[in-house]
Amino acid sequence: MEPVIGIDLGTTNSCVAIVEGGTPTVIQNRGGYKTTPSIVAIAENGRRLVGHIAKRQAVTNAENTVFAAKRLIGRKWTSPEVKSALETVPYKIVEGPHGDVRIQLRGRVYSIPEASAQVLQDMKTVAEDYLGDSVGKAVVTVPAYFNDNQRQATKDAGKIAGLDVIRIINEPTAAALAYGFGKKLEQRIAVYDLGGGTFDISILDMGEGVFDVVCTSGDTFLGGEDFDRRIIDWLVFGFAKEHKIDLRKDKMALQRLKDVAEKAKCELSSVTETEINLPFIISTGRSESLHLQRRVTREKLEELTMDLVDRTVQICQQTLEMNNINQSEIDEVILVGGMTRMPKVQEAVATFFGREPSKGVHPDEVVALGAAIQGHALMDESSDILLLDVTPHALGIMVVGEKFHKVIEQNTTVPTSATHPFTTIRDNQTSVRILVLQGKHDDADQNELLGEFILTGLRKAKKGEVEIDVTFSISADGIVSVSAKNVETGKKQSITVTATSGLTENEIEEMLQESQQYLMEKRKEDGVEQSLSELKTMMRDLERLMATVEKAIAGSPFGKQTLQRANELIDQCKAALDQDQPEGVSELRDSLTRTLNMFKGVAAKTAL
Amino acid sequence: MGEPAQNDTVPRPAPTADVTGANLTPEEGFVWSRIDGVLTIDELCSITGLGRDRTQEILRHLNDLELIQLDPPTAARNEAGPVKHPQPASEQTTRPSGHQATNQAIETIHRPLPHSTTSASGGNSDSKGTSDDASVDLSDERRRAIDQFYEDLDRLNFYQLLGIAQDADDKQIQRAYKRRSLKFHPDRFYGKELGSYRIKLEEIFRYLTEVRDFLLEGERRQAYDESLAEDQALKEQIEEAMVHEEEILTHNPSVAEALEQDGEPTPADDRKPPQQRTTTDSQTPRRPRPYHKRRSRLRLQALGSVLGEFDPQTKKPTRPPASPTPRTRQASAGKRPTQTNKIVQDFVHGRKQRAATFYEEGIRKLLDKNFVGAATSLKLAVTFDPKNEQYRQKYELASSRAQGLMASRYYKQARFHESVGRWEMAAKLYSKAADHDPQADYLCKAASTLTMTGELRRAQEYATKAVGLEPENAAARIALAQVFTAAGMNKNARRELEAALNRDPDNELAKTLLKDVRKRT
Ligand SMILES: Nc1ncnc2c1ncn2[C@@H]1O[C@H](COP(=O)(O)OP(=O)(O)OP(=O)(O)O)[C@@H](O)[C@H]1O
Ligand SMILES: [Mg+2]
């Protein structure tokens, strides 16, 4: 069976997993971490940086570092999220050719799926290195609230990364899947997901190997970074009071503050007190540097972030109320997202739900594991797992007064279909325009436009006389098709709504080619680098042996010639090592190997 | 300073060094703060924003101050090991730790991979199949199961569909729904060529979901239960009538004979499966088993499925024909002895008298609005006294009411299916309605839904029948015209539309359609 990887493409961190021998496993990256920051950057030298390394330079190279691309993926240029991002993110956002969003880094424009593709490609590579084989298929998770365009854009990102995304599934569902894996449980569970940038709460029913999302909601601007910011502000404020210097004005200082704040926050999940230590954080202007040194307790952190935790609980409360669910109906609470490692968060959740959250899952791995399990279940005929997913948003059409009329309600299990009759609004109206919308707002323009088409040939009649049936259907893999039928004539018009990620097929293909190209070059470069480092080692060995060998053979003309050639070789090596793109490295290495072997032989003889 | 460090050396903070004791600039402090035991010198140079030379210079300086260690490249990575986020000790891992992964990842980090670009561009085998079913990637058994259940959708009631008792609680409903989903959800056949089965599966699953949602809603479920009870009552009436009939026949072969000679179909008879019909009509083999038995069974099947109550297992020949559910059996059992006695007695008094008894009974049932039962009794009356016009009239009345009743039930169901876009089901039920009660309305509806599902020949049959029945009905002409249009027979369509307009000159629909047709011809 072809392997399918599961990828949790998070706002702040990503994670990759696979089912191997029936067991779902998270794959560590080369640094030994199970999660990789979802950050990409272009360094000064034009090199692409992904993950941990990109995070370490995010503030100092802010204009060229893309973080939280997930907040922009699949969004329209005119959307409020993009408007607010325009004001807050340090990298340059420009309008794309299809009303989409693009990012400009060091003079080149990238689409958002392209940025996400680099993270996905990194995860793919991590998996390939682990498996020792190429990986072509993946299941990728998205927040439950993602609309069709965002899902499609995520799929496109996969494509650009050279992955066939066989299914997009919701994060909470994936978490429940991983939690329920291998257990014969029949439960109603709550998934509380507090990640780096977003908060989600979802209720699911599981049983008989089937997972059914009951409802889901959340806040897309509430997460671990807000907690970090509270610590930073507290540090900055304290420092300003003492030294009258605003550390945020200095990029290097701010980067260090960010790193250290997150580190302290994480540490305080397991210890009650920790020291924040930033030596030489800033210059006083009199050739002297200041240190920032402060103890921070868990209590202090909790005090600084109390309202954030409270806010998540409020959202839980609202969600349950809106769906007429009582806490007592919840059999199990699963914690997802790195932030749920914070004891205060666990405590708040336990208090609200009146039960201790499940201890059996790793909050930052569970989503990727679930994705891997779903990928495996789809490919494996004999699997007894079935995930029943729901439509994240209501679907419908625009009706008179620019209002939104729902045909399929939010949280309907897919595959599904529904029909609703509509009628004309003007006398002698012979055609209707069907605007297919997705969302929850009553005003049509507040919702996502998924597509449109026109039904013509209506009978001329008084308004309200001609009947039109509009049918929506959604397939198991989330593809939406809409048809409108003239009830009298049976004439039908339909479209398959291909959500627009903002990229055309051609663009995606081009981006795929380019990313493959880049990968090849990078691998070649890595290969060159490795040869260069070997060259360097051998050259140093040669230099070390030079004195000994010289003593032994300098007497003979042949020896002199050999020594001269060896010295020339060393010079050539040094010259090659000074260049960025040296040529003839492999020949050099061959000569060097031969000479070195000879020298070693001579040295061994003289030692006798 | 020490020897020049290699670019892929990984610097690490010296464990014992006192950084604050040194005198660093903020730049140096910053570079120092980037050192984490993971990034190489090369990587550090690209991220500090200070440029390669300045960064290297600072690194050398830090090295000279013994604030960092420059480990040899390969050793460094292996020794440095994973730096994990602190994890609460209470957490247990649910899977193998995967430390093996680290080692592999490190060892193979520079190994170029065999790279396939084809996997990404490979065609999506999961796309909606339009291919014919010959290439469908399902075993015969699976296909049969799907076909069977698909058929069951309009035959079984909600409880039977889920395979649960009528008093099942919510949990049991959910459980049953999930069990069914595991069998019929399209994802169970991911990556397979499904042809028309994909649509069937989606349809099944959607229907199951609707049924589940429906039953989980207390009020709707209650209303449904009530309507089921009504159905049950109706069915009991029918059954009683049939038991009655059967008993007469069993005890009186002559009656059976009489019935057999009389070819006129009884209410549900025209629903005989074609296969059975052939057997009956052909010369050989003659009567595989007593005709009346077979006939009752067929009728029971037919009636059972009308009501969505028929248990498919009763199709097995071993089960007795009557009484598909225990409750019914009980109900009729109470009445049986007295009736039998009465009938046997009655039988002794010649044909006319018997006819009179059946007639009386029929009238009583008619007054009870038990039309199906009445039709059965009156039919027997007519059989024994074929010349009696009164009997015949009453029989025809009861029969048409019984037919009409069934037809209107079909019609109602059909409208429901049409309203949710299940065209095939709607077409099927409209035609059933039209079969039972061939009124123009039903015929037209059947014709137009059949046109939509592409069964043009049958659509034409119904539409022609409608026109034949009511030649002056413009709607019937229009229905026929639509069939012709769909079949590309524009001339005929035009003729019918013109005929429709002759009868109803203001019919806007006919006008629009005629314009369309004219454009095409
Ligand atoms: N031990 C810990 N204690 C507290 N917070 C932690 C801990 N470990 C990680 N975090 C925080 O969790 C957050 C990252 O969580 P996670 O990786 O689940 O996010 P994500 O999935 O990328 O984000 P999102 O779900 O919003 O898309 C970061 O803010 C990180 O600082
Ligand atoms: Mg997450």
# chains A, B, ... in the order shown; residues from 1 in each chain; ligands from 1

$ residues_near_ligand --ligand "ligand 1" --cutoff "8 Å" --atoms "only C-alpha atoms and all ligand atoms" --output "PDB file with C-alpha atoms, in the first residue's frame"
ATOM      1  CA  ASP A   8      -0.945  19.191  10.600  1.00  0.00           C
ATOM      2  CA  LEU A   9      -0.247  22.482   8.858  1.00  0.00           C
ATOM      3  CA  GLY A  10      -0.560  24.823  11.821  1.00  0.00           C
ATOM      4  CA  THR A  11      -0.525  28.593  12.039  1.00  0.00           C
ATOM      5  CA  THR A  12       2.639  28.495  14.070  1.00  0.00           C
ATOM      6  CA  ASN A  13       3.826  24.882  13.945  1.00  0.00           C
ATOM      7  CA  SER A  14       3.486  21.939  11.617  1.00  0.00           C
ATOM      8  CA  THR A  35       6.977  19.997  15.360  1.00  0.00           C
ATOM      9  CA  PRO A  37       7.632  26.186  12.967  1.00  0.00           C
ATOM     10  CA  SER A  38       5.420  27.123  10.004  1.00  0.00           C
ATOM     11  CA  LYS A  70      -2.385  30.208   7.283  1.00  0.00           C
ATOM     12  CA  PRO A 143      -9.385  24.393  11.045  1.00  0.00           C
ATOM     13  CA  ASP A 193      -7.595  23.374  20.737  1.00  0.00           C
ATOM     14  CA  LEU A 194      -5.466  26.310  21.805  1.00  0.00           C
ATOM     15  CA  GLY A 195      -2.587  26.636  19.373  1.00  0.00           C
ATOM     16  CA  GLY A 196      -0.118  29.352  18.551  1.00  0.00           C
ATOM     17  CA  GLY A 197      -2.530  31.652  16.829  1.00  0.00           C
ATOM     18  CA  THR A 198      -6.029  30.278  17.011  1.00  0.00           C
ATOM     19  CA  PHE A 199      -8.517  28.801  19.402  1.00  0.00           C
ATOM     20  CA  ASP A 200     -11.125  26.196  18.450  1.00  0.00           C
ATOM     21  CA  THR A 220      -9.011  32.919  14.883  1.00  0.00           C
ATOM     22  CA  LEU A 222      -6.425  33.978  20.068  1.00  0.00           C
ATOM     23  CA  GLY A 223      -3.460  31.763  20.800  1.00  0.00           C
ATOM     24  CA  GLY A 224      -0.059  31.206  22.316  1.00  0.00           C
ATOM     25  CA  GLU A 225       1.416  34.257  20.669  1.00  0.00           C
ATOM     26  CA  ASP A 226      -0.923  36.433  22.694  1.00  0.00           C
ATOM     27  CA  PHE A 227       0.473  34.810  25.817  1.00  0.00           C
ATOM     28  CA  ASP A 228       4.024  35.503  24.602  1.00  0.00           C
ATOM     29  CA  GLU A 262       7.985  31.782  24.599  1.00  0.00           C
ATOM     30  CA  LYS A 263      10.710  29.734  26.224  1.00  0.00           C
ATOM     31  CA  LYS A 265       6.114  30.393  29.010  1.00  0.00           C
ATOM     32  CA  CYS A 266       6.803  26.800  28.016  1.00  0.00           C
ATOM     33  CA  GLU A 267       9.101  26.241  30.976  1.00  0.00           C
ATOM     34  CA  LEU A 268       6.472  27.536  33.371  1.00  0.00           C
ATOM     35  CA  SER A 269       4.231  24.701  32.300  1.00  0.00           C
ATOM     36  CA  SER A 270       6.492  22.290  34.141  1.00  0.00           C
ATOM     37  CA  VAL A 336      -5.037  19.974  21.514  1.00  0.00           C
ATOM     38  CA  GLY A 337      -2.420  22.638  20.786  1.00  0.00           C
ATOM     39  CA  GLY A 338       0.834  23.402  22.544  1.00  0.00           C
ATOM     40  CA  MET A 339      -0.806  26.030  24.742  1.00  0.00           C
ATOM     41  CA  THR A 340      -2.897  23.418  26.513  1.00  0.00           C
ATOM     42  CA  ARG A 341       0.253  22.271  28.244  1.00  0.00           C
ATOM     43  CA  MET A 342      -0.153  25.321  30.448  1.00  0.00           C
ATOM     44  CA  PRO A 363      -1.537  18.035  22.299  1.00  0.00           C
ATOM     45  CA  ASP A 364       0.914  18.991  19.574  1.00  0.00           C
TER      46      ASP A 364
ATOM     47  CA  HIS B  85       9.714  21.040  24.693  1.00  0.00           C
ATOM     48  CA  PRO B  86       9.335  20.305  28.350  1.00  0.00           C
ATOM     49  CA  GLN B  87       6.546  17.840  28.809  1.00  0.00           C
ATOM     50  CA  PRO B  88       4.525  17.193  31.903  1.00  0.00           C
TER      51      PRO B  88
END

$ residues_around --residues "stretch 374-387 of chain A" --least-positions-apart "2" --cutoff "7 Å" --atoms "only C-alpha atoms" --output "list in words"
Val4, Ile5, Gly6, Val19, Ala138, Val139, Gly209, Val210, Phe211, Asp212, Gly370, Ala371, Ala372 and Asp389 of chain A; Leu182, Asp187, Arg188 and Tyr190 of chain B

$ select_by_dssp --residues "stretch 195-356 of chain A" --states "alpha helix (DSSP H)" --output "MDAnalysis selection string"
chainID A and resid 224:243 251:267 298:322 343:353

$ residues_around --residues "stretch 429-441 of chain B" --least-positions-apart "3" --cutoff "6 Å" --atoms "only C-alpha atoms" --output "count of residues only"
10
